[in-house]
Amino acid sequence: MTVNVVRYEHQARIHWGVIREDRVTPVPGEYPTTGDFIRAHSVTSLQGLGGDSLDRASLRLLSPVTGNQQFVCQGANYRQHMIESGMNPDVKTFNMIFTKASSCIVPADSDVVRPRVVQFLDYEIELGLVLRKAIRGPVQVTDANLHEYVAGVVIVNDYSARDVQIPQMQFYKGKSFRTFGPVGPHLTLLDAGSIGQLRQLQLRLSVNGEVRQQDSTANLVYGPAETLTELSGVQDLEPGDLLATGTPAGCALSIPSPAKQKIGALLPEKKKWEIFMKVQAGRSQYLKPGDVVEASIRSADGRVDLGLQRNRIVAGA
C-alpha cells in the first residue's frame with residue numbers, strides 16, 4: 001500500500017495533505033519538518049484520512065523534504081552510467097558518497113538558476129529515499145527490514161555545474177548552488193508490502209521533449225539496504241533525511257576513456273583542464289536558459305507514481 005502526500009502553502013500557511021486524484025485532503029496539525037510529519041503518521045492512518053478537500057491546482061506545492069534535513073547522495077550507481085563514466089561496474093569496489101547543501105532544495109516546479117559563473121549545467125534524475133527512523137550507530141539493513149528505515153520516495157534532480165565539480169574537484173560546491181536540488185512534487189510513502197517496488201521503478205528525463213535519461217532502479221549497483229548499512233557505520237541520520245541514489249546514463253557530461261585519462265594524467269594540470277573545457281564546450285546537451293527539463297519516476301504498472309518535475313532553466317546573476 002502507498003499514499004502520496006504533499007507539503008503546500010494555502011492562505012499564507014504551510015500544511016501537509018494527502019493527494020487523491022486532483023484533490024488534496026489536509027492533514028490536521030502542524031509539522032514544521034519532514035521528520036516531524038513522518039514520526040506522526042503511517043500509511044494506514046493517512047489512507048483513512050477524511051474531511052474536506054482542496055483543488056490541487058489552487059495550491060502552491062513546496063518541497064516535501066524540508067531544508068533542515070540532510071541531503072546525502074550516491075554517485076555513479078547505475079551500471080551504464082558507470083560505463084559511460086569510464087568505470088567498470090564489475091570491479092568497482094566502493095560506493096561513492098557525497099552531500100549537497102540543503103539550501104539547494106526547492107519545489108519540484110521551480111526555475112533552476114544557472115549562475116553566470118557556470119557554463120556547463122547538467123541534469124541528473126535520481127530516486128530519493130526519505131528516512132523513517134533515526135540511525136545513530138551501525139545497523140544491518142536488509143531487504144527484509146528496509147521498510148523500518150525508509151518511509152518513502154521522491155524525485156530528485158541533482159543539477160550539477162560540471163565546470164566547477166570536475167576541474168575544481170568540488171562535488172559539494174558544483175552541486176550545491178541554490179535551486180540545484182528540486183524535490184517532489186510529492187512524497188510517496190511506502191509500507192512493508194510495497195517497499196519491494198524500490199527495485200522496479202522506471203526513471204525518465206527529457207529536455208525540451210527529447211528523452212535524455214531512461215533506466216530502471218533494477219540496475220542500481222549499490223541498493224538502498226546496503227547503502228544505509230554502510231552509511232550507518234559513518235554518520236547519524238534522522239527521520240526525513242534524504243538519500244539520492246544516483247543517476248542513469250545520458251548526462252551531458254563527456255568523460256574521456258580510461259586510456260585517455262591515463263594520457264591526461266601525464267599532462268600539466270593547466271593543459272589537462274584546457275582540453276577538458278574545450279571538449280565540454282562542444283557538447284550541445286548542456287542546459288541553456290529557456291530549456292525545459294521534465295523528470296518522472298513510476299512503476300511499470302502505475303501503482304507507484306512519484307509525479308512529474310518540470311524545471312525551466314533561467315540565467316542568473
# chains A, B, ... in the order shown; residues from 1 in each chain; ligands from 1

$ closest_atom_pairs --of "stretch 140-179 of chain A" --to "stretch 101-105 of chain A" --cutoff "7 Å" --atoms "only C-alpha atoms" --output "CSV"
residue,atom,partner,partner_atom,distance
A:Ser176,CA,A:Ala101,CA,5.2
A:Phe177,CA,A:Cys104,CA,6.0
A:Arg178,CA,A:Cys104,CA,4.3
A:Thr179,CA,A:Cys104,CA,4.8

$ residues_around --residues "A:Gly35" --least-positions-apart "5" --cutoff "8 Å" --atoms "only C-alpha atoms" --output "NGL selection string"
:A and (69 or 132 or 238-241)

$ write_last_selection --atoms "C-alpha atoms" --output "short mmCIF file (atom, residue, chain, number, x, y, z; two decimals), in the first residue's frame"
data_model
loop_
_atom_site.label_atom_id
_atom_site.label_comp_id
_atom_site.auth_asym_id
_atom_site.auth_seq_id
_atom_site.Cartn_x
_atom_site.Cartn_y
_atom_site.Cartn_z
CA GLN A 69 17.13 17.69 6.62
CA ARG A 132 11.67 6.78 8.54
CA GLU A 238 17.40 11.35 11.16
CA PRO A 239 13.78 10.81 10.08
CA GLY A 240 13.10 12.90 6.99
CA ASP A 241 16.72 12.91 5.78
#

$ closest_residue --among "A:Asp22, A:Asp163, A:Glu226, A:Glu210" --to "A:Phe276" --atoms "only C-alpha atoms"
A:Asp163

$ residues_around --residues "A:Thr217" --least-positions-apart "2" --cutoff "6 Å" --atoms "only C-alpha atoms" --output "ChimeraX atom specification"
/A:199-201,219-220

$ write_last_selection --atoms "N, CA and C atoms" --output "JSON list (two decimals), in the first residue's frame"
[["chain", "number", "residue", "atom", "x", "y", "z"],
["A", 199, "ARG", "N", 13.03, -1.48, -6.28],
["A", 199, "ARG", "CA", 13.93, -2.00, -7.32],
["A", 199, "ARG", "C", 13.20, -2.26, -8.63],
["A", 200, "GLN", "N", 12.02, -1.65, -8.80],
["A", 200, "GLN", "CA", 11.23, -1.88, -10.01],
["A", 200, "GLN", "C", 10.67, -0.58, -10.59],
["A", 201, "LEU", "N", 11.36, 0.53, -10.35],
["A", 201, "LEU", "CA", 10.86, 1.82, -10.79],
["A", 201, "LEU", "C", 11.57, 2.29, -12.06],
["A", 219, "ASN", "N", 18.75, -1.65, -12.02],
["A", 219, "ASN", "CA", 20.14, -1.58, -12.44],
["A", 219, "ASN", "C", 21.03, -0.80, -11.48],
["A", 220, "LEU", "N", 20.52, -0.51, -10.29],
["A", 220, "LEU", "CA", 21.37, 0.09, -9.26],
["A", 220, "LEU", "C", 22.49, -0.88, -8.88]]

$ select_by_dssp --residues "stretch 86-313 of chain A" --states "helix (DSSP H, G or I)" --output "number ranges by chain"
A: 102-104, 146-148, 162-165, 171-175, 195-199, 217-219, 224-232, 258-265, 269-281

$ select_by_dssp --residues "stretch 95-289 of chain A" --states "strand (DSSP E)" --output "short mmCIF file (atom, residue, chain, number, x, y, z; two decimals) with N, CA and C atoms, in the first residue's frame"
data_model
loop_
_atom_site.label_atom_id
_atom_site.label_comp_id
_atom_site.auth_asym_id
_atom_site.auth_seq_id
_atom_site.Cartn_x
_atom_site.Cartn_y
_atom_site.Cartn_z
N MET A 96 30.31 5.47 -3.95
CA MET A 96 30.69 6.89 -3.95
C MET A 96 29.62 7.71 -3.24
N ILE A 97 30.01 8.39 -2.16
CA ILE A 97 29.07 9.15 -1.34
C ILE A 97 29.52 10.61 -1.28
N PHE A 98 28.58 11.53 -1.42
CA PHE A 98 28.86 12.95 -1.23
C PHE A 98 27.58 13.62 -0.72
N THR A 99 27.65 14.91 -0.46
CA THR A 99 26.47 15.62 0.02
C THR A 99 26.21 16.85 -0.84
N ILE A 105 17.66 22.83 -2.01
CA ILE A 105 16.36 22.18 -2.17
C ILE A 105 15.29 23.21 -2.51
N VAL A 106 14.53 22.93 -3.57
CA VAL A 106 13.43 23.80 -3.99
C VAL A 106 12.25 22.94 -4.42
N PRO A 107 11.05 23.52 -4.56
CA PRO A 107 9.90 22.76 -5.04
C PRO A 107 10.13 22.19 -6.44
N VAL A 112 15.25 26.69 -12.38
CA VAL A 112 16.62 26.40 -11.96
C VAL A 112 17.52 27.50 -12.50
N VAL A 113 18.23 28.15 -11.60
CA VAL A 113 19.05 29.30 -11.97
C VAL A 113 20.47 28.85 -12.31
N ARG A 114 20.88 29.12 -13.56
CA ARG A 114 22.26 28.85 -13.94
C ARG A 114 23.08 30.10 -13.65
N LEU A 121 26.01 23.37 -17.29
CA LEU A 121 24.98 22.93 -16.35
C LEU A 121 24.37 21.62 -16.83
N ASP A 122 24.41 20.62 -15.96
CA ASP A 122 23.96 19.27 -16.30
C ASP A 122 22.78 18.87 -15.43
N ILE A 125 18.52 12.95 -13.08
CA ILE A 125 17.34 12.43 -12.40
C ILE A 125 17.77 11.35 -11.42
N GLU A 126 17.17 11.36 -10.22
CA GLU A 126 17.53 10.36 -9.21
C GLU A 126 16.30 10.00 -8.37
N LEU A 127 16.28 8.75 -7.92
CA LEU A 127 15.31 8.32 -6.92
C LEU A 127 15.83 8.73 -5.55
N GLY A 128 15.01 9.48 -4.81
CA GLY A 128 15.39 9.89 -3.46
C GLY A 128 14.67 9.08 -2.41
N LEU A 129 15.41 8.57 -1.44
CA LEU A 129 14.83 7.85 -0.31
C LEU A 129 14.69 8.81 0.87
N VAL A 130 13.53 8.82 1.51
CA VAL A 130 13.30 9.65 2.69
C VAL A 130 13.22 8.72 3.90
N LEU A 131 14.04 8.98 4.90
CA LEU A 131 14.20 8.03 6.00
C LEU A 131 13.05 8.09 7.00
N VAL A 150 13.13 3.18 5.65
CA VAL A 150 12.74 4.06 4.55
C VAL A 150 11.25 4.31 4.63
N ALA A 151 10.87 5.59 4.77
CA ALA A 151 9.46 5.95 4.83
C ALA A 151 8.85 6.07 3.45
N GLY A 152 9.60 6.61 2.49
CA GLY A 152 9.04 6.83 1.17
C GLY A 152 10.08 7.32 0.19
N VAL A 153 9.59 7.72 -0.97
CA VAL A 153 10.48 8.08 -2.08
C VAL A 153 10.00 9.35 -2.76
N VAL A 154 10.96 10.07 -3.37
CA VAL A 154 10.69 11.32 -4.09
C VAL A 154 11.55 11.36 -5.34
N ILE A 155 11.17 12.23 -6.28
CA ILE A 155 12.04 12.54 -7.41
C ILE A 155 13.02 13.63 -6.97
N VAL A 156 14.28 13.41 -7.33
CA VAL A 156 15.33 14.41 -7.10
C VAL A 156 16.00 14.68 -8.43
N ASN A 157 16.30 15.95 -8.72
CA ASN A 157 17.16 16.26 -9.86
C ASN A 157 18.43 16.90 -9.31
N SER A 160 24.01 19.92 -11.72
CA SER A 160 25.45 19.95 -11.45
C SER A 160 26.17 20.90 -12.39
N ALA A 161 27.02 21.75 -11.80
CA ALA A 161 27.89 22.63 -12.59
C ALA A 161 29.18 21.86 -12.86
N GLY A 181 18.57 21.60 -6.47
CA GLY A 181 18.02 20.37 -5.91
C GLY A 181 16.51 20.34 -5.84
N PRO A 182 15.81 20.37 -6.98
CA PRO A 182 14.35 20.22 -6.93
C PRO A 182 13.95 18.86 -6.35
N VAL A 183 12.96 18.86 -5.48
CA VAL A 183 12.48 17.62 -4.84
C VAL A 183 10.97 17.59 -4.92
N LEU A 187 5.69 13.27 -1.94
CA LEU A 187 6.38 12.18 -1.27
C LEU A 187 5.47 10.96 -1.29
N THR A 188 5.95 9.89 -1.87
CA THR A 188 5.19 8.63 -1.91
C THR A 188 5.62 7.77 -0.74
N LEU A 189 4.72 7.62 0.24
CA LEU A 189 5.01 6.80 1.41
C LEU A 189 4.74 5.33 1.10
N LEU A 190 5.61 4.47 1.61
CA LEU A 190 5.53 3.04 1.34
C LEU A 190 5.35 2.27 2.65
N LEU A 201 11.36 0.53 -10.35
CA LEU A 201 10.86 1.82 -10.79
C LEU A 201 11.57 2.29 -12.06
N GLN A 202 10.81 2.96 -12.92
CA GLN A 202 11.34 3.46 -14.19
C GLN A 202 11.60 4.96 -14.08
N LEU A 203 12.83 5.37 -14.40
CA LEU A 203 13.22 6.78 -14.37
C LEU A 203 13.26 7.29 -15.80
N ARG A 204 12.78 8.53 -16.00
CA ARG A 204 12.76 9.12 -17.34
C ARG A 204 12.96 10.63 -17.23
N LEU A 205 13.91 11.16 -18.00
CA LEU A 205 14.15 12.60 -18.03
C LEU A 205 14.25 13.06 -19.46
N SER A 206 13.60 14.20 -19.75
CA SER A 206 13.66 14.78 -21.08
C SER A 206 14.05 16.25 -20.99
N VAL A 207 14.66 16.75 -22.06
CA VAL A 207 15.00 18.17 -22.19
C VAL A 207 14.34 18.67 -23.46
N GLU A 210 12.94 15.95 -25.62
CA GLU A 210 13.84 14.89 -26.07
C GLU A 210 14.29 14.05 -24.88
N VAL A 211 14.05 12.74 -24.93
CA VAL A 211 14.43 11.86 -23.82
C VAL A 211 15.96 11.77 -23.76
N ARG A 212 16.50 12.08 -22.59
CA ARG A 212 17.95 12.02 -22.39
C ARG A 212 18.36 10.87 -21.46
N GLN A 213 17.52 10.59 -20.46
CA GLN A 213 17.84 9.53 -19.49
C GLN A 213 16.64 8.63 -19.32
N GLN A 214 16.89 7.32 -19.30
CA GLN A 214 15.81 6.35 -19.11
C GLN A 214 16.42 5.04 -18.61
N ASP A 215 16.00 4.59 -17.44
CA ASP A 215 16.57 3.37 -16.87
C ASP A 215 15.64 2.87 -15.77
N SER A 216 16.00 1.72 -15.20
CA SER A 216 15.23 1.11 -14.12
C SER A 216 16.10 1.01 -12.87
N LEU A 242 17.29 12.83 3.44
CA LEU A 242 17.15 12.46 2.03
C LEU A 242 18.42 11.80 1.52
N LEU A 243 18.26 10.63 0.88
CA LEU A 243 19.37 9.95 0.21
C LEU A 243 19.02 9.81 -1.26
N ALA A 244 19.77 10.52 -2.12
CA ALA A 244 19.60 10.40 -3.57
C ALA A 244 20.50 9.27 -4.06
#

$ closest_atom_pairs --of "stretch 182-282 of chain A" --to "stretch 138-143 of chain A" --cutoff "9 Å" --atoms "only C-alpha atoms" --output "tab-separated table"
residue	atom	partner	partner_atom	distance
A:Ile195	CA	A:Asp143	CA	8.5
A:Gly196	CA	A:Asp143	CA	7.8
A:Pro224	CA	A:Asp143	CA	8.4
A:Ala225	CA	A:Val141	CA	5.0
A:Glu226	CA	A:Val141	CA	6.6
A:Thr227	CA	A:Val141	CA	8.5
A:Leu228	CA	A:Val141	CA	6.5
A:Thr229	CA	A:Val141	CA	5.3
A:Glu230	CA	A:Pro138	CA	8.1
A:Leu231	CA	A:Pro138	CA	8.1
A:Ser232	CA	A:Pro138	CA	4.7
A:Gly233	CA	A:Pro138	CA	4.6
A:Val234	CA	A:Pro138	CA	7.8
A:Gln235	CA	A:Pro138	CA	8.8

$ write_last_selection --atoms "N, CA and C atoms" --output "short mmCIF file (atom, residue, chain, number, x, y, z; two decimals), in the first residue's frame"
data_model
loop_
_atom_site.label_atom_id
_atom_site.label_comp_id
_atom_site.auth_asym_id
_atom_site.auth_seq_id
_atom_site.Cartn_x
_atom_site.Cartn_y
_atom_site.Cartn_z
N ILE A 195 7.50 -1.89 -0.25
CA ILE A 195 8.89 -1.46 -0.26
C ILE A 195 9.69 -2.15 -1.37
N GLY A 196 9.26 -3.35 -1.77
CA GLY A 196 9.95 -4.07 -2.84
C GLY A 196 9.89 -3.36 -4.18
N PRO A 224 19.51 0.30 -1.82
CA PRO A 224 19.20 1.07 -0.61
C PRO A 224 19.65 0.40 0.69
N ALA A 225 19.41 -0.91 0.82
CA ALA A 225 19.73 -1.58 2.09
C ALA A 225 21.23 -1.56 2.36
N GLU A 226 22.04 -1.95 1.38
CA GLU A 226 23.48 -1.99 1.62
C GLU A 226 24.07 -0.59 1.79
N THR A 227 23.49 0.41 1.12
CA THR A 227 23.98 1.77 1.27
C THR A 227 23.67 2.32 2.66
N LEU A 228 22.47 2.08 3.16
CA LEU A 228 22.14 2.54 4.51
C LEU A 228 22.97 1.81 5.55
N THR A 229 23.25 0.53 5.33
CA THR A 229 24.14 -0.20 6.24
C THR A 229 25.51 0.46 6.28
N GLU A 230 26.05 0.79 5.11
CA GLU A 230 27.36 1.43 5.03
C GLU A 230 27.35 2.79 5.71
N LEU A 231 26.34 3.61 5.41
CA LEU A 231 26.27 4.95 5.99
C LEU A 231 26.11 4.91 7.50
N SER A 232 25.42 3.89 8.01
CA SER A 232 25.21 3.79 9.46
C SER A 232 26.52 3.62 10.22
N GLY A 233 27.55 3.12 9.55
CA GLY A 233 28.85 2.98 10.18
C GLY A 233 29.67 4.25 10.15
N VAL A 234 29.12 5.30 9.52
CA VAL A 234 29.87 6.54 9.32
C VAL A 234 29.21 7.72 10.04
N GLN A 235 27.89 7.87 9.89
CA GLN A 235 27.24 9.10 10.33
C GLN A 235 25.86 8.82 10.91
#

$ atom_distance --atom1 "atom CA of A:Gln11" --atom2 "atom CA of A:Arg39"
25.5 Å

$ decode --residues "stretch 238-250 of chain A" --atoms "N, CA, C and O atoms" --output "PDB file, in the first residue's frame"
ATOM      1  N   GLU A 238      18.623  11.065  10.432  1.00  0.00           N
ATOM      2  CA  GLU A 238      17.399  11.355  11.165  1.00  0.00           C
ATOM      3  C   GLU A 238      16.177  11.122  10.279  1.00  0.00           C
ATOM      4  O   GLU A 238      16.275  11.147   9.050  1.00  0.00           O
ATOM      5  N   PRO A 239      15.008  10.901  10.879  1.00  0.00           N
ATOM      6  CA  PRO A 239      13.780  10.806  10.081  1.00  0.00           C
ATOM      7  C   PRO A 239      13.625  12.038   9.189  1.00  0.00           C
ATOM      8  O   PRO A 239      13.847  13.170   9.626  1.00  0.00           O
ATOM      9  N   GLY A 240      13.266  11.808   7.938  1.00  0.00           N
ATOM     10  CA  GLY A 240      13.105  12.899   6.993  1.00  0.00           C
ATOM     11  C   GLY A 240      14.344  13.210   6.187  1.00  0.00           C
ATOM     12  O   GLY A 240      14.264  13.941   5.195  1.00  0.00           O
ATOM     13  N   ASP A 241      15.508  12.684   6.573  1.00  0.00           N
ATOM     14  CA  ASP A 241      16.719  12.914   5.783  1.00  0.00           C
ATOM     15  C   ASP A 241      16.572  12.272   4.409  1.00  0.00           C
ATOM     16  O   ASP A 241      15.845  11.281   4.231  1.00  0.00           O
ATOM     17  N   LEU A 242      17.290  12.833   3.442  1.00  0.00           N
ATOM     18  CA  LEU A 242      17.148  12.455   2.032  1.00  0.00           C
ATOM     19  C   LEU A 242      18.421  11.800   1.523  1.00  0.00           C
ATOM     20  O   LEU A 242      19.515  12.345   1.687  1.00  0.00           O
ATOM     21  N   LEU A 243      18.260  10.631   0.881  1.00  0.00           N
ATOM     22  CA  LEU A 243      19.367   9.945   0.214  1.00  0.00           C
ATOM     23  C   LEU A 243      19.016   9.809  -1.257  1.00  0.00           C
ATOM     24  O   LEU A 243      18.085   9.093  -1.625  1.00  0.00           O
ATOM     25  N   ALA A 244      19.769  10.520  -2.123  1.00  0.00           N
ATOM     26  CA  ALA A 244      19.603  10.404  -3.574  1.00  0.00           C
ATOM     27  C   ALA A 244      20.502   9.275  -4.064  1.00  0.00           C
ATOM     28  O   ALA A 244      21.692   9.244  -3.760  1.00  0.00           O
ATOM     29  N   THR A 245      19.935   8.353  -4.832  1.00  0.00           N
ATOM     30  CA  THR A 245      20.584   7.062  -5.076  1.00  0.00           C
ATOM     31  C   THR A 245      21.378   6.960  -6.370  1.00  0.00           C
ATOM     32  O   THR A 245      21.790   5.865  -6.762  1.00  0.00           O
ATOM     33  N   GLY A 246      21.633   8.075  -7.047  1.00  0.00           N
ATOM     34  CA  GLY A 246      22.445   8.035  -8.261  1.00  0.00           C
ATOM     35  C   GLY A 246      21.601   8.220  -9.508  1.00  0.00           C
ATOM     36  O   GLY A 246      20.379   8.061  -9.486  1.00  0.00           O
ATOM     37  N   THR A 247      22.271   8.555 -10.610  1.00  0.00           N
ATOM     38  CA  THR A 247      21.573   8.857 -11.863  1.00  0.00           C
ATOM     39  C   THR A 247      21.933   7.877 -12.958  1.00  0.00           C
ATOM     40  O   THR A 247      23.044   7.329 -12.975  1.00  0.00           O
ATOM     41  N   PRO A 248      21.023   7.615 -13.899  1.00  0.00           N
ATOM     42  CA  PRO A 248      21.314   6.727 -15.031  1.00  0.00           C
ATOM     43  C   PRO A 248      22.245   7.392 -16.047  1.00  0.00           C
ATOM     44  O   PRO A 248      22.600   8.570 -15.939  1.00  0.00           O
ATOM     45  N   ALA A 249      22.594   6.635 -17.068  1.00  0.00           N
ATOM     46  CA  ALA A 249      23.378   7.152 -18.191  1.00  0.00           C
ATOM     47  C   ALA A 249      22.578   8.219 -18.928  1.00  0.00           C
ATOM     48  O   ALA A 249      21.363   8.298 -18.812  1.00  0.00           O
ATOM     49  N   GLY A 250      23.319   9.052 -19.689  1.00  0.00           N
ATOM     50  CA  GLY A 250      22.668  10.031 -20.536  1.00  0.00           C
ATOM     51  C   GLY A 250      22.883  11.468 -20.149  1.00  0.00           C
ATOM     52  O   GLY A 250      22.267  12.364 -20.730  1.00  0.00           O
TER      53      GLY A 250
END
